[in-house]
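Notes follow the structure.
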Amino acid sequence: MAVTVRIPTPLRSLTKGQEQVSAEGGTVRAVIENLEQKHPGMKERLLDDKGIRRFVNVYLGDEDVRFLAGLDTPLQAGAEISIIPAIAGG
Amino acid sequence: MPVSNWRVLLVGLGGLGCPAALALVRAGVGVLQLCDDDQVDEANLHRQILYGSGDVGADKLSAAEQALGPCARRSGTRIELVRSRFLPENARALAHGVDLVIEGADNFATKFLAADACHLESRPVVHGAGLRWLGTAWSVAPAGRPCYRCLFEDVPAEPQANCDAVGVMGPVVGIVGALMAELGLRSLSAGGRRNELWTLDGKADTLREVPVSARPSCPLCGSRPSIREIEEARYLPAAGASA
């Protein structure tokens with residue numbers, strides 16, 4: 001099942017500058033695995049051994065997946081996933 | 001409360017703080033406290049719009065006070081200078097002394113410190129950040145839920161990208177700084193605030209509103225908070241505000 005993933009600028013070096021990419025998977029976890037295959041290095045930037053990194057927020061539509069089922073959140077075809085990292089700077 | 005009675009603390013006079021300061025002074029806030037201890041560097045000039053080439057090497061507070069002076073006199077804003085970083089030892093007192101904190105620090109330690117101090121002192125805070133082409137701004141209510149720790153949890157242990165290493169686009173922080181001022185003005189106005197995180201993608205020219213949810217286990221605003229005071233060790237390894 002295909003979903004769209006919006007990539008924030010700090011991670012676009014992994015997607016050759018693409019601001020959104022297509023990925024396959026029935027859960028958030030599967031999509032991240034698919035992203036890793038297509039864009040190596042993505043998984044490490046999103047996950048640590050405890051799950052989604054504390055400094056990264058993954059949204060399904062307008063919902064933070066932490067408040068859904070986390071990495072096991074089921075996805076519908078055409079879903080939009082957004083990645084919002086914490087940043088500091090100015 | 002009329003704008004002219006507001007006391008606002010601005011943490012960090014960098015790319016975010018400069019446009020935010022201009023907007024707040026022009027809006028006519030009663031007192032604007034500026035908190036920073038950095039000096040103007042030539043590399044700052046493309047985005048830190050209160051400073052010119054003649055200010056390189058000068059302390060930011062003096063240069064900013066001079067730049068804001070004419071506007072402040074017209075609007076009746078009193079500029080107060082806090083010649084220090086925003087640190088664990090002064091954070092709560094500084095937050096307590098104002099009606100609103102605008103935080104544009106360039107490091108995570110200061111962001112978490114501002115979040116904690118404002119929560120403990122029941123002061124609203126607006127957090128802002130900018131890096132490369134990405135900017136974020138978020139307004140948190142007094143002792144509000146959700147808070148910064150609901151979203152980002154804790155100071156990162158590992159080094160993170162910063163302005164020196166990866167750069168920041170001047171127009172991005174210009175927009176975000178102005179947005180921070182707007183969120184701050186709205187937070188103290190009738191009609192108040194919403195729990196929205198604004199993200200600006202300067203490359204795609206998109207500004208998105210992302211709802212933020214409170215985290216039940218949040219150590220600051222959750223049902224069993226563990227952060228009840230400011231402990232310096234919590235803000236290591238890189239506490240200190242500059243921008």
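Each chain of the structure tokens is named A, B, ... in the order shown, its residues numbered from 1; ligands are numbered from 1 in display order.
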
**Request:** Can you pull out every residue within 6 Å of segment 94-99 of chain B, counting only C-alpha atoms, but drop anything in the same chain fewer than 3 positions away, and send it as a PyMOL selection string?
**Result:** chain B and resi 7-8+91+118+121

**Request:** For chain B, list the residues within 6 Å of chain A, counting only C-alpha atoms, and write the list as a count of residues only.
**Result:** 13

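Computed from the coordinates, the atom CA of Asp72 of chain A to atom CA of Pro225 of chain B distance equals 27.5 Å.
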
**Asked** Per DSSP on the backbone, what are the helix (DSSP H, G or I) residues of chain A, as a list in words?
**Response** Thr9, Pro10, Leu11, Arg12, Ser13, Leu14, Val28, Arg29, Ala30, Val31, Ile32, Glu33, Asn34, Leu35, Glu36, Gln37, Lys38, Met42, Lys43, Glu44, Arg45, Leu46, Val65, Arg66, Phe67, Gly70, Leu71 and Asp72 of chain A

With C-alpha atoms retained, export the selected residues as a PDB file, in the first residue's frame.
```pdb
ATOM      1  CA  THR A   9      14.695  19.791   5.221  1.00  0.00           C
ATOM      2  CA  PRO A  10      17.248  18.299   7.660  1.00  0.00           C
ATOM      3  CA  LEU A  11      16.546  14.833   6.200  1.00  0.00           C
ATOM      4  CA  ARG A  12      16.377  15.755   2.539  1.00  0.00           C
ATOM      5  CA  SER A  13      20.033  14.956   2.054  1.00  0.00           C
ATOM      6  CA  LEU A  14      18.837  11.350   2.233  1.00  0.00           C
ATOM      7  CA  VAL A  28       4.391   3.157  10.271  1.00  0.00           C
ATOM      8  CA  ARG A  29       7.087   0.611  11.077  1.00  0.00           C
ATOM      9  CA  ALA A  30       6.804  -0.995   7.647  1.00  0.00           C
ATOM     10  CA  VAL A  31       6.947   2.382   5.945  1.00  0.00           C
ATOM     11  CA  ILE A  32      10.123   3.283   7.799  1.00  0.00           C
ATOM     12  CA  GLU A  33      11.676  -0.029   6.775  1.00  0.00           C
ATOM     13  CA  ASN A  34      10.695   0.713   3.176  1.00  0.00           C
ATOM     14  CA  LEU A  35      12.133   4.210   3.452  1.00  0.00           C
ATOM     15  CA  GLU A  36      15.382   2.706   4.679  1.00  0.00           C
ATOM     16  CA  GLN A  37      15.572   0.498   1.598  1.00  0.00           C
ATOM     17  CA  LYS A  38      14.960   3.426  -0.724  1.00  0.00           C
ATOM     18  CA  MET A  42      16.642   7.206   7.159  1.00  0.00           C
ATOM     19  CA  LYS A  43      15.844   4.545   9.733  1.00  0.00           C
ATOM     20  CA  GLU A  44      18.730   5.512  11.972  1.00  0.00           C
ATOM     21  CA  ARG A  45      17.627   9.141  11.873  1.00  0.00           C
ATOM     22  CA  LEU A  46      14.093   8.220  12.908  1.00  0.00           C
ATOM     23  CA  VAL A  65       1.556   8.437  16.022  1.00  0.00           C
ATOM     24  CA  ARG A  66       2.742   8.278  19.635  1.00  0.00           C
ATOM     25  CA  PHE A  67      -0.889   8.870  20.540  1.00  0.00           C
ATOM     26  CA  GLY A  70       3.146   4.174  17.644  1.00  0.00           C
ATOM     27  CA  LEU A  71       5.152   2.227  15.110  1.00  0.00           C
ATOM     28  CA  ASP A  72       2.292  -0.248  14.795  1.00  0.00           C
TER      29      ASP A  72
END
```

**Item:** Within 9 Å of segment 135-149 of chain B using only C-alpha atoms, minus same-chain residues under 4 positions, as a PyMOL selection string
**Value:** (chain A and resi 86-87+89-90) or (chain B and resi 100+102+111-112+115-116+118-131+153-154+172-173+175-177+179-180+183-184+187+192-202+212-215+218-222)
